[in-house]
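Read the structure below first, then the notes.
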Amino acid sequence: MALKLFYHPLSSFCHKALIGLYENNIPFEPVSVNLADAQSSAEMRALWPVAKFPVLRDEVRGQTVPEATVIIEYLDQHYAAHKLLPADPDRAIKARIWDRFFDLYIHMPMQKIAGDNIRSAELRDPHGVAEARATIEKSYAILEQELGDRTWALGDDYGLVDCAASPALFYASLAVPFSDATPKLRAYYGRLVKRPSYLRALKEAEPFFDWVPLDVKPTLPV
Ligand SMILES: N[C@@H](CCC(=O)N[C@@H](CS)C(=O)NCC(=O)O)C(=O)O
C-alpha cells in the first residue's frame with residue numbers, strides 16, 4: 001500500500017489526520033504506535049526523530065510527512081478528490097489562520113492540561129494549567145463571535161479548519177466545558193462530532209477512552 005500512517009487511535013492530533021484520510025476514503029495502512037515502547041516506535045522515530053505522531057509515509061513517492069496540517073495538505077495535493085484546502089488564495093490563507101488558531105489556542109492548551117494530570121504531584125504546574133484554561137475560554141469566546149451562522153468554520157464547505165477543530169474541541173470540552181454564553185460554538189461542535197469521518201475516528205478511539213487524563217472521560221456522541 002502506498003500510504004502508511006503512524007498513529008494511535010486515541011491521539012487527538014492523529015484524529016485530525018485520520019479525518020483527512022476518511023473524508024476522501026484514501027486507502028492507507030494504519031500502524032498503531034506505542035511511543036513508550038522502543039520497538040513499537042522504532043520505525044516512526046527513524047522517519048521523524050521528533051517522535052510525535054501522526055506521521056505519514058508515502059512509499060510510492062518516497063516522502064515522509066509529519067504534522068497533521070501538512071499531512072492534510074499533502075493528501076490534497078496527491079490523493080484527495082474532494083480538496084480540504086480552498087483553491088482561492090485568500091480563502092486558503094484564512095484556512096491557515098484558523099487551523100493555527102485551533103492548534104495553538106485550543107488543542108495545545110488542552111494537551112497542557114491533560115499532560116499535567118499525568119505528572120507526579122511535585123512536577124505539577126498549576127499556573128501553566130490556569131493559563132491554558134484561560135486561553136481555551138478566550139478562544140471559545142472568539143469563536144462564538146467568529147462563527148456567525150456558518151455551517152462549517154469557513155462557510156458551506158467542510159475543510160482543513162473543521163479537521164483541526166474536531167479533536168481540539170472534542171478533548172478541550174472535557175476540560176473546559178462550553179457554557180451557555182457560546183450557543184453557536186456548541187451547535188458547531190454538535191455538527192463536527194456527527195460528521196461521519198470524525199465519528200469513525202471516535203469509534204476507533206472508544207476502546208481507549210478510559211485512558212484520557214482529563215476530568216471527564218469521553219463518550220461517543222449520541
Ligand atoms: N504539531 C504536531 C503535534 C503532534 C502531537 O503533539 N502529537 C502527540 C499526540 S496527540 C504526541 O505525539 N505526543 C507524544 C509526545 O509528545 O511524546 C501535529 O500537528 O501533528
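We name chains A, B, ... following the order of the C-alpha cells; residues begin at 1 in each chain, and ligands are numbered from 1 as shown.
Close contacts of A:Glu131, defined as residues with an atom at most 12 Å away when counting only C-alpha atoms, with chain neighbours fewer than 4 positions off set aside, comprise Tyr105, Ile106, Met108, Pro109, Met110, Lys112, Ile113, Asp125, Pro126, His127, Thr135, Ile136, Glu137 and Lys138 of chain A.
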Give me, as a PyMOL selection string, all polymer residues having an atom no more than 6 Å from stretch 174-184 of chain A, counting only C-alpha atoms and skipping those fewer than 2 positions away in the same chain.
chain A and resi 144+171-172+186-187+216
Could the residues in this selection be saved with C-alpha atoms as a PDB file, in the first residue's frame?
```pdb
ATOM      1  CA  GLU A 144     -18.648  32.430  19.276  1.00  0.00           C
ATOM      2  CA  TYR A 171     -10.962  16.909  24.045  1.00  0.00           C
ATOM      3  CA  ALA A 172     -10.862  20.558  25.218  1.00  0.00           C
ATOM      4  CA  ARG A 186     -21.879  24.361  20.883  1.00  0.00           C
ATOM      5  CA  ALA A 187     -24.011  23.905  17.747  1.00  0.00           C
ATOM      6  CA  VAL A 216     -14.372  13.936  32.419  1.00  0.00           C
TER       7      VAL A 216
END
```
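Nearest residue to A:Ala46, choosing from A:Thr219, A:Ala87, A:Thr64, A:Val129 and counting only C-alpha atoms: A:Thr64.
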Which one of A:Leu214, A:Leu85, A:Leu3, A:Ile71 sits closest to A:Val161 if you count only C-alpha atoms?
A:Leu85
Could you list, with a cut-off of 7 Å and counting only C-alpha atoms and all ligand atoms, the residues of chain A near ligand 1, each shown with its nearest atom pair and the distance in Å rounded to one decimal, rows sorted by chain and ascending number, as JSON lines?
```
{"residue": "A:Ser11", "atom": "CA", "partner": "ligand 1", "partner_atom_place_in_ligand_line": "10 (S)", "distance": 4.2}
{"residue": "A:Ser12", "atom": "CA", "partner": "ligand 1", "partner_atom_place_in_ligand_line": "10 (S)", "distance": 4.4}
{"residue": "A:Phe13", "atom": "CA", "partner": "ligand 1", "partner_atom_place_in_ligand_line": "10 (S)", "distance": 4.3}
{"residue": "A:Cys14", "atom": "CA", "partner": "ligand 1", "partner_atom_place_in_ligand_line": "10 (S)", "distance": 6.1}
{"residue": "A:Leu35", "atom": "CA", "partner": "ligand 1", "partner_atom_place_in_ligand_line": "14 (C)", "distance": 6.9}
{"residue": "A:Ala51", "atom": "CA", "partner": "ligand 1", "partner_atom_place_in_ligand_line": "12 (O)", "distance": 6.4}
{"residue": "A:Lys52", "atom": "CA", "partner": "ligand 1", "partner_atom_place_in_ligand_line": "12 (O)", "distance": 3.2}
{"residue": "A:Phe53", "atom": "CA", "partner": "ligand 1", "partner_atom_place_in_ligand_line": "12 (O)", "distance": 4.1}
{"residue": "A:Pro54", "atom": "CA", "partner": "ligand 1", "partner_atom_place_in_ligand_line": "20 (O)", "distance": 5.5}
{"residue": "A:Pro66", "atom": "CA", "partner": "ligand 1", "partner_atom_place_in_ligand_line": "20 (O)", "distance": 6.4}
{"residue": "A:Glu67", "atom": "CA", "partner": "ligand 1", "partner_atom_place_in_ligand_line": "20 (O)", "distance": 3.4}
{"residue": "A:Ala68", "atom": "CA", "partner": "ligand 1", "partner_atom_place_in_ligand_line": "20 (O)", "distance": 4.0}
{"residue": "A:Thr69", "atom": "CA", "partner": "ligand 1", "partner_atom_place_in_ligand_line": "19 (O)", "distance": 6.0}
```
Please produce an output containing C-alpha atoms for each residue in the selection, written as an mmCIF file, in the first residue's frame.
```
data_model
loop_
_atom_site.group_PDB
_atom_site.id
_atom_site.type_symbol
_atom_site.label_atom_id
_atom_site.label_comp_id
_atom_site.auth_asym_id
_atom_site.auth_seq_id
_atom_site.Cartn_x
_atom_site.Cartn_y
_atom_site.Cartn_z
ATOM 1 C CA SER A 11 -4.326 10.649 19.841
ATOM 2 C CA SER A 12 -6.030 13.941 19.164
ATOM 3 C CA PHE A 13 -3.601 15.185 16.500
ATOM 4 C CA CYS A 14 -3.872 11.766 14.825
ATOM 5 C CA LEU A 35 5.616 5.733 21.927
ATOM 6 C CA ALA A 51 8.766 11.278 17.538
ATOM 7 C CA LYS A 52 5.372 12.920 17.661
ATOM 8 C CA PHE A 53 2.528 11.427 15.682
ATOM 9 C CA PRO A 54 0.792 11.449 13.225
ATOM 10 C CA PRO A 66 4.819 14.694 9.756
ATOM 11 C CA GLU A 67 2.414 17.304 11.244
ATOM 12 C CA ALA A 68 -1.332 16.821 10.860
ATOM 13 C CA THR A 69 -1.885 20.033 8.893
#
```
Which neighbours of A:Arg200 fall inside 10 Å, counting only C-alpha atoms, when residues of the same chain fewer than 3 positions from it are skipped, and could you give them as a PDB file with N, CA and C atoms, in the first residue's frame?
```pdb
ATOM      1  N   HIS A  15      -6.255  12.129  15.160  1.00  0.00           N
ATOM      2  CA  HIS A  15      -7.640  12.244  14.684  1.00  0.00           C
ATOM      3  C   HIS A  15      -7.733  13.237  13.520  1.00  0.00           C
ATOM      4  N   LEU A  18      -6.543  11.548  10.480  1.00  0.00           N
ATOM      5  CA  LEU A  18      -7.483  10.486  10.090  1.00  0.00           C
ATOM      6  C   LEU A  18      -8.704  11.073   9.386  1.00  0.00           C
ATOM      7  N   ILE A  19      -9.176  12.211   9.890  1.00  0.00           N
ATOM      8  CA  ILE A  19     -10.343  12.837   9.247  1.00  0.00           C
ATOM      9  C   ILE A  19     -10.002  13.141   7.782  1.00  0.00           C
ATOM     10  N   TYR A  22     -10.170   9.865   5.942  1.00  0.00           N
ATOM     11  CA  TYR A  22     -11.523   9.313   5.865  1.00  0.00           C
ATOM     12  C   TYR A  22     -12.453  10.175   5.006  1.00  0.00           C
ATOM     13  N   VAL A 193     -18.937  16.599  15.515  1.00  0.00           N
ATOM     14  CA  VAL A 193     -18.808  15.231  16.047  1.00  0.00           C
ATOM     15  C   VAL A 193     -19.766  14.246  15.360  1.00  0.00           C
ATOM     16  N   LYS A 194     -20.696  14.775  14.576  1.00  0.00           N
ATOM     17  CA  LYS A 194     -21.591  13.865  13.840  1.00  0.00           C
ATOM     18  C   LYS A 194     -21.113  13.651  12.400  1.00  0.00           C
ATOM     19  N   ARG A 195     -20.091  14.384  11.992  1.00  0.00           N
ATOM     20  CA  ARG A 195     -19.537  14.187  10.649  1.00  0.00           C
ATOM     21  C   ARG A 195     -19.023  12.738  10.560  1.00  0.00           C
ATOM     22  N   PRO A 196     -19.452  11.951   9.543  1.00  0.00           N
ATOM     23  CA  PRO A 196     -19.071  10.523   9.519  1.00  0.00           C
ATOM     24  C   PRO A 196     -17.567  10.277   9.632  1.00  0.00           C
ATOM     25  N   SER A 197     -16.744  11.142   9.030  1.00  0.00           N
ATOM     26  CA  SER A 197     -15.286  10.916   9.089  1.00  0.00           C
ATOM     27  C   SER A 197     -14.796  11.008  10.530  1.00  0.00           C
ATOM     28  N   LYS A 203     -15.101   6.292  17.004  1.00  0.00           N
ATOM     29  CA  LYS A 203     -15.479   4.891  17.295  1.00  0.00           C
ATOM     30  C   LYS A 203     -14.224   4.037  17.446  1.00  0.00           C
ATOM     31  N   GLU A 204     -13.211   4.328  16.655  1.00  0.00           N
ATOM     32  CA  GLU A 204     -11.956   3.560  16.762  1.00  0.00           C
ATOM     33  C   GLU A 204     -11.200   3.909  18.053  1.00  0.00           C
ATOM     34  N   ALA A 205     -11.429   5.124  18.565  1.00  0.00           N
ATOM     35  CA  ALA A 205     -10.753   5.558  19.802  1.00  0.00           C
ATOM     36  C   ALA A 205     -11.477   5.050  21.048  1.00  0.00           C
TER      37      ALA A 205
END
```
Which of stretch 46-156 of chain A end up as strand (DSSP E) when DSSP is run on this backbone - answer as a PyMOL selection string?
chain A and resi 55-58+63-66
